[in-house]
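Q: Sharing protein-v5.txt (compact mmCIF, C-alpha atoms) below.
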```txt
# COMPACT_ATOMS: atom_id res chain seq x y z
CA MET A 929 0.00 0.00 0.00
CA PHE A 930 2.82 2.39 0.93
CA LYS A 931 4.65 1.66 -2.33
CA THR A 932 1.50 2.40 -4.36
CA LEU A 933 0.99 5.70 -2.59
CA LEU A 934 4.65 6.63 -3.11
CA LEU A 935 4.40 5.75 -6.82
CA LEU A 936 1.23 7.83 -7.17
CA LEU A 937 2.89 10.85 -5.53
CA ALA A 938 5.90 10.50 -7.80
CA LEU A 939 3.71 10.43 -10.91
CA LEU A 940 1.73 13.46 -9.75
CA SER A 941 4.90 15.44 -9.13
CA LEU A 942 5.99 14.84 -12.73
CA SER A 943 2.74 16.15 -14.26
CA PRO A 944 2.82 19.71 -15.65
CA ALA A 945 1.40 22.43 -13.46
CA GLN A 946 -1.96 23.94 -14.45
CA ALA A 947 -1.18 27.44 -13.21
CA LYS A 948 -1.66 30.41 -15.53
CA GLU A 949 0.78 33.20 -16.08
CA ALA A 950 0.15 36.19 -13.81
CA GLN A 951 -1.65 39.12 -15.35
CA PRO A 952 0.66 42.00 -16.23
CA VAL A 953 0.38 44.97 -13.91
CA ALA A 954 1.67 48.47 -14.51
CA GLN A 955 4.92 49.32 -12.74
CA ASN A 956 3.36 52.53 -11.47
CA PRO A 957 0.42 52.07 -9.04
CA ALA A 958 -1.09 55.40 -10.18
CA VAL A 959 -1.21 54.16 -13.79
CA GLU A 960 -2.80 50.92 -12.61
CA ALA A 961 -5.46 52.84 -10.66
CA ARG A 962 -6.23 55.05 -13.70
CA MET A 963 -6.43 51.96 -15.89
CA MET A 964 -8.96 50.36 -13.53
CA VAL A 965 -11.10 53.53 -13.47
CA LEU A 966 -11.08 53.68 -17.28
CA ALA A 967 -11.72 49.95 -17.60
CA ALA A 968 -14.77 50.34 -15.35
CA GLU A 969 -16.21 52.85 -17.86
CA LEU A 970 -15.78 50.57 -20.88
CA ARG A 971 -18.04 47.67 -21.85
CA CYS A 972 -16.59 44.25 -22.57
CA LEU A 973 -17.42 43.47 -26.20
CA VAL A 974 -17.52 39.75 -25.49
CA CYS A 975 -19.59 39.72 -22.28
CA GLN A 976 -21.59 42.93 -22.97
CA ASN A 977 -23.02 42.91 -19.44
CA GLN A 978 -19.70 43.51 -17.75
CA THR A 979 -17.08 46.19 -17.80
CA ILE A 980 -13.59 45.48 -19.06
CA ALA A 981 -12.44 45.70 -15.43
CA ASP A 982 -14.87 42.94 -14.33
CA SER A 983 -14.57 40.61 -17.31
CA HIS A 984 -12.21 37.64 -17.44
CA SER A 985 -12.40 37.21 -21.22
CA GLY A 986 -9.23 37.26 -23.28
CA LEU A 987 -10.32 40.38 -25.15
CA ALA A 988 -10.93 42.25 -21.88
CA GLN A 989 -7.46 41.27 -20.65
CA ASP A 990 -5.95 42.49 -23.92
CA LEU A 991 -7.87 45.78 -23.72
CA ARG A 992 -6.77 46.35 -20.12
CA GLN A 993 -3.15 45.81 -21.21
CA GLN A 994 -3.64 48.18 -24.15
CA ILE A 995 -5.10 50.86 -21.82
CA ARG A 996 -2.12 50.34 -19.48
CA GLU A 997 0.33 50.87 -22.35
CA MET A 998 -1.53 53.97 -23.60
CA LEU A 999 -1.46 55.52 -20.13
CA GLU A 1000 2.23 54.73 -19.72
CA ARG A 1001 2.87 56.52 -23.04
CA GLY A 1002 1.29 59.62 -21.49
CA MET A 1003 -2.17 59.62 -23.08
CA THR A 1004 -4.97 61.30 -21.15
CA ASP A 1005 -8.11 59.49 -20.02
CA GLU A 1006 -10.16 61.31 -22.67
CA GLN A 1007 -7.70 60.28 -25.41
CA VAL A 1008 -8.02 56.64 -24.33
CA ARG A 1009 -11.84 56.87 -24.34
CA SER A 1010 -11.77 58.51 -27.79
CA PHE A 1011 -9.45 55.81 -29.14
CA MET A 1012 -11.70 53.03 -27.84
CA SER A 1013 -14.82 54.77 -29.16
CA GLU A 1014 -13.27 55.29 -32.61
CA ARG A 1015 -12.08 51.71 -32.78
CA TYR A 1016 -15.10 49.90 -31.31
CA GLY A 1017 -17.92 52.46 -31.61
CA ASP A 1018 -19.93 54.22 -28.94
CA PHE A 1019 -21.27 50.84 -27.78
CA VAL A 1020 -18.04 50.28 -25.84
CA LEU A 1021 -18.77 53.32 -23.65
CA TYR A 1022 -21.11 52.84 -20.70
CA LYS A 1023 -21.89 56.58 -20.90
CA PRO A 1024 -22.10 57.30 -24.62
CA PRO A 1025 -22.04 60.95 -25.72
CA PHE A 1026 -25.28 62.71 -26.65
CA LYS A 1027 -25.41 63.02 -30.42
CA ALA A 1028 -27.84 62.25 -33.24
CA SER A 1029 -27.06 58.51 -33.29
CA THR A 1030 -27.55 58.17 -29.51
CA ALA A 1031 -30.42 60.65 -29.03
CA LEU A 1032 -33.06 57.92 -28.72
CA LEU A 1033 -30.91 56.15 -26.14
CA TRP A 1034 -30.89 59.26 -23.95
CA ALA A 1035 -34.40 60.59 -24.68
CA GLY A 1036 -36.22 57.23 -24.92
CA PRO A 1037 -36.70 56.39 -21.22
CA PRO A 1038 -38.05 59.84 -20.20
CA LEU A 1039 -40.37 59.83 -23.24
CA LEU A 1040 -41.70 56.37 -22.37
CA LEU A 1041 -42.30 57.47 -18.77
CA LEU A 1042 -44.15 60.57 -19.96
CA LEU A 1043 -46.33 58.48 -22.32
CA ALA A 1044 -47.14 56.04 -19.52
CA LEU A 1045 -48.13 58.88 -17.17
CA LEU A 1046 -50.30 60.48 -19.86
CA GLY A 1047 -52.00 57.13 -20.48
CA LEU A 1048 -52.65 56.66 -16.77
CA TYR A 1049 -54.07 60.19 -16.53
CA ALA A 1050 -56.39 59.55 -19.50
CA VAL A 1051 -57.70 56.29 -18.03
CA LEU A 1052 -58.29 57.84 -14.61
CA ARG A 1053 -60.11 60.85 -16.12
CA GLN A 1054 -62.30 58.52 -18.20
CA ARG A 1055 -63.17 56.42 -15.14
CA GLN A 1056 -63.94 59.55 -13.15
CA ARG A 1057 -66.52 60.63 -15.76
CA MET A 1058 -68.28 57.25 -15.75
CA SER A 1059 -71.44 56.78 -13.71
CA PRO A 1060 -71.29 54.47 -10.68
CA ASP A 1061 -73.64 52.05 -12.47
CA ALA A 1062 -70.89 51.29 -15.02
CA PHE A 1063 -68.87 49.48 -12.36
CA GLU A 1064 -69.60 46.04 -10.88
CA PRO A 1065 -71.92 46.06 -7.88
CA ASP A 1066 -70.56 45.52 -4.38
CA ASP A 1067 -70.70 42.07 -2.80
CA ASP A 1068 -72.89 43.35 0.08
CA ASN A 1069 -75.85 43.82 -2.28
CA ASN A 1070 -75.53 40.26 -3.53
CA ASN A 1071 -75.30 38.84 0.00
CA GLN A 1072 -78.42 40.72 1.19
CA SER A 1073 -80.51 39.38 -1.67
CA ASP A 1074 -79.22 35.86 -0.97
CA ASP A 1075 -80.03 36.24 2.74
CA ALA A 1076 -83.57 37.27 1.92
CA ASP A 1077 -84.06 34.18 -0.24
CA GLY A 1078 -82.43 31.98 2.35
CA ALA A 1079 -80.17 30.44 -0.28
CA HIS A 1080 -76.41 30.42 0.10
CA ASP A 1081 -73.87 29.07 -2.31
CA GLU A 1082 -70.70 27.46 -0.99
CA HIS A 1083 -68.51 30.40 -2.08
CA SER A 1084 -70.39 33.22 -0.40
CA LEU A 1085 -69.55 34.33 3.11
CA PRO A 1086 -72.19 35.40 5.61
CA ALA A 1087 -72.45 39.17 6.01
CA ASN A 1088 -71.30 40.64 9.33
CA ARG A 1089 -74.15 42.48 11.00
```
Could you quickly redo this structure as structure tokens?
A:
Amino acid sequence: MFKTLLLLLALLSLSPAQAKEAQPVAQNPAVEARMMVLAAELRCLVCQNQTIADSHSGLAQDLRQQIREMLERGMTDEQVRSFMSERYGDFVLYKPPFKASTALLWAGPPLLLLLALLGLYAVLRQRQRMSPDAFEPDDDNNNQSDDADGAHDEHSLPANR
């Protein structure tokens, strides 16, 4: 038994390690912090629901490294955003600029809210103008007529008096 265990340990020690290479980090902690702030503002094109900072995809890792290199070359944050936007389109930005192609994106939600409120107002005004007879009668009226007849169905509850 001991020999088998020793042989198994020897074979496991010869197998290649499954560790990955460490992710490159900027030499300057300030550049790394700027890179993380910028990466948090950019959408991962593979995941689309995550930022480049949060994503573990290969493209996101490459883009983080590219941002690192751009910042080390002295580019400003706005220059990096402009480069990414020119290369990948405004979709890559979590806060796209307001322009003709993104106007519906910015104006759509407030317009939909306004339409919903106007619709609610119209329905409430219409209901206010209706006579009370247009609505279903109360259950108390039905119970009183049933009590007078002496007939009860299994679903009706006795009226509290």
Q: With distances taken over all atoms listed in the file, which residue among A:Val959, A:Met929, A:Val1020, A:Leu999 lies nearest Cys972 of chain A?
A: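 Using all atoms listed in the file, the shortest distance to Cys972 of chain A belongs to A:Val1020.
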Q: Could you give me, as a list in words, the residues that sit within 8 Å of (-28.2, 52.5, -23.5) in the file's coordinates, counting all atoms listed in the file?
A: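 Residues lying no farther than 8 Å from the given point: Tyr1022, Lys1023, Pro1024, Leu1033 and Trp1034 of chain A.
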Q: In terms of the shortest atom-to-atom distance over only C-alpha atoms, which of A:Leu973, A:Val1051, A:Leu987, A:Leu966 is closest to Gln1007 of chain A?
A: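 Residue with the minimum atom-to-atom distance to Gln1007 of chain A: A:Leu966.
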Q: Take the point (-14.4, 48.1, -22.0) as written in the file and pick out every residue within 6 Å of it, counting only C-alpha atoms; give the list as a list of chain:residue names.
A: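 The residues that fall inside the cut-off are A:Ala967, A:Leu970, A:Arg971, A:Cys972, A:Thr979, A:Ile980, A:Val1020.
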Q: Next, write the just-selected residues to a file, as a short mmCIF file (atom, residue, chain, number, x, y, z; two decimals), in the coordinates of the input, keeping C-alpha atoms as the atom set.
A:
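Written output follows (out-v1.cif):
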```
data_model
loop_
_atom_site.label_atom_id
_atom_site.label_comp_id
_atom_site.auth_asym_id
_atom_site.auth_seq_id
_atom_site.Cartn_x
_atom_site.Cartn_y
_atom_site.Cartn_z
CA ALA A 967 -11.72 49.95 -17.60
CA LEU A 970 -15.78 50.57 -20.88
CA ARG A 971 -18.04 47.67 -21.85
CA CYS A 972 -16.59 44.25 -22.57
CA THR A 979 -17.08 46.19 -17.80
CA ILE A 980 -13.59 45.48 -19.06
CA VAL A 1020 -18.04 50.28 -25.84
#
```
Q: Provide the atom CA of Arg1053 of chain A to atom CA of Asp1067 of chain A distance in Å, to one decimal place.
A: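 Distance reported for this atom pair: 25.3 Å.
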Q: I'd like the interatomic distance between atom CA of Leu1021 of chain A and atom CA of His984 of chain A, to a tenth of an Å.
A: 18.1 Å
Q: I need the residue nearest Ser983 of chain A from this list: A:Ile995, A:Leu936, A:Arg1015, A:Ala968. Use only C-alpha atoms for the distance.
A: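 So, comparing all the options, the nearest one is A:Ala968.
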Q: What is the atom CA of Ala981 of chain A to atom CA of Met964 of chain A distance in Å?
A: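 Separation between atom CA of Ala981 of chain A and atom CA of Met964 of chain A: 6.1 Å.
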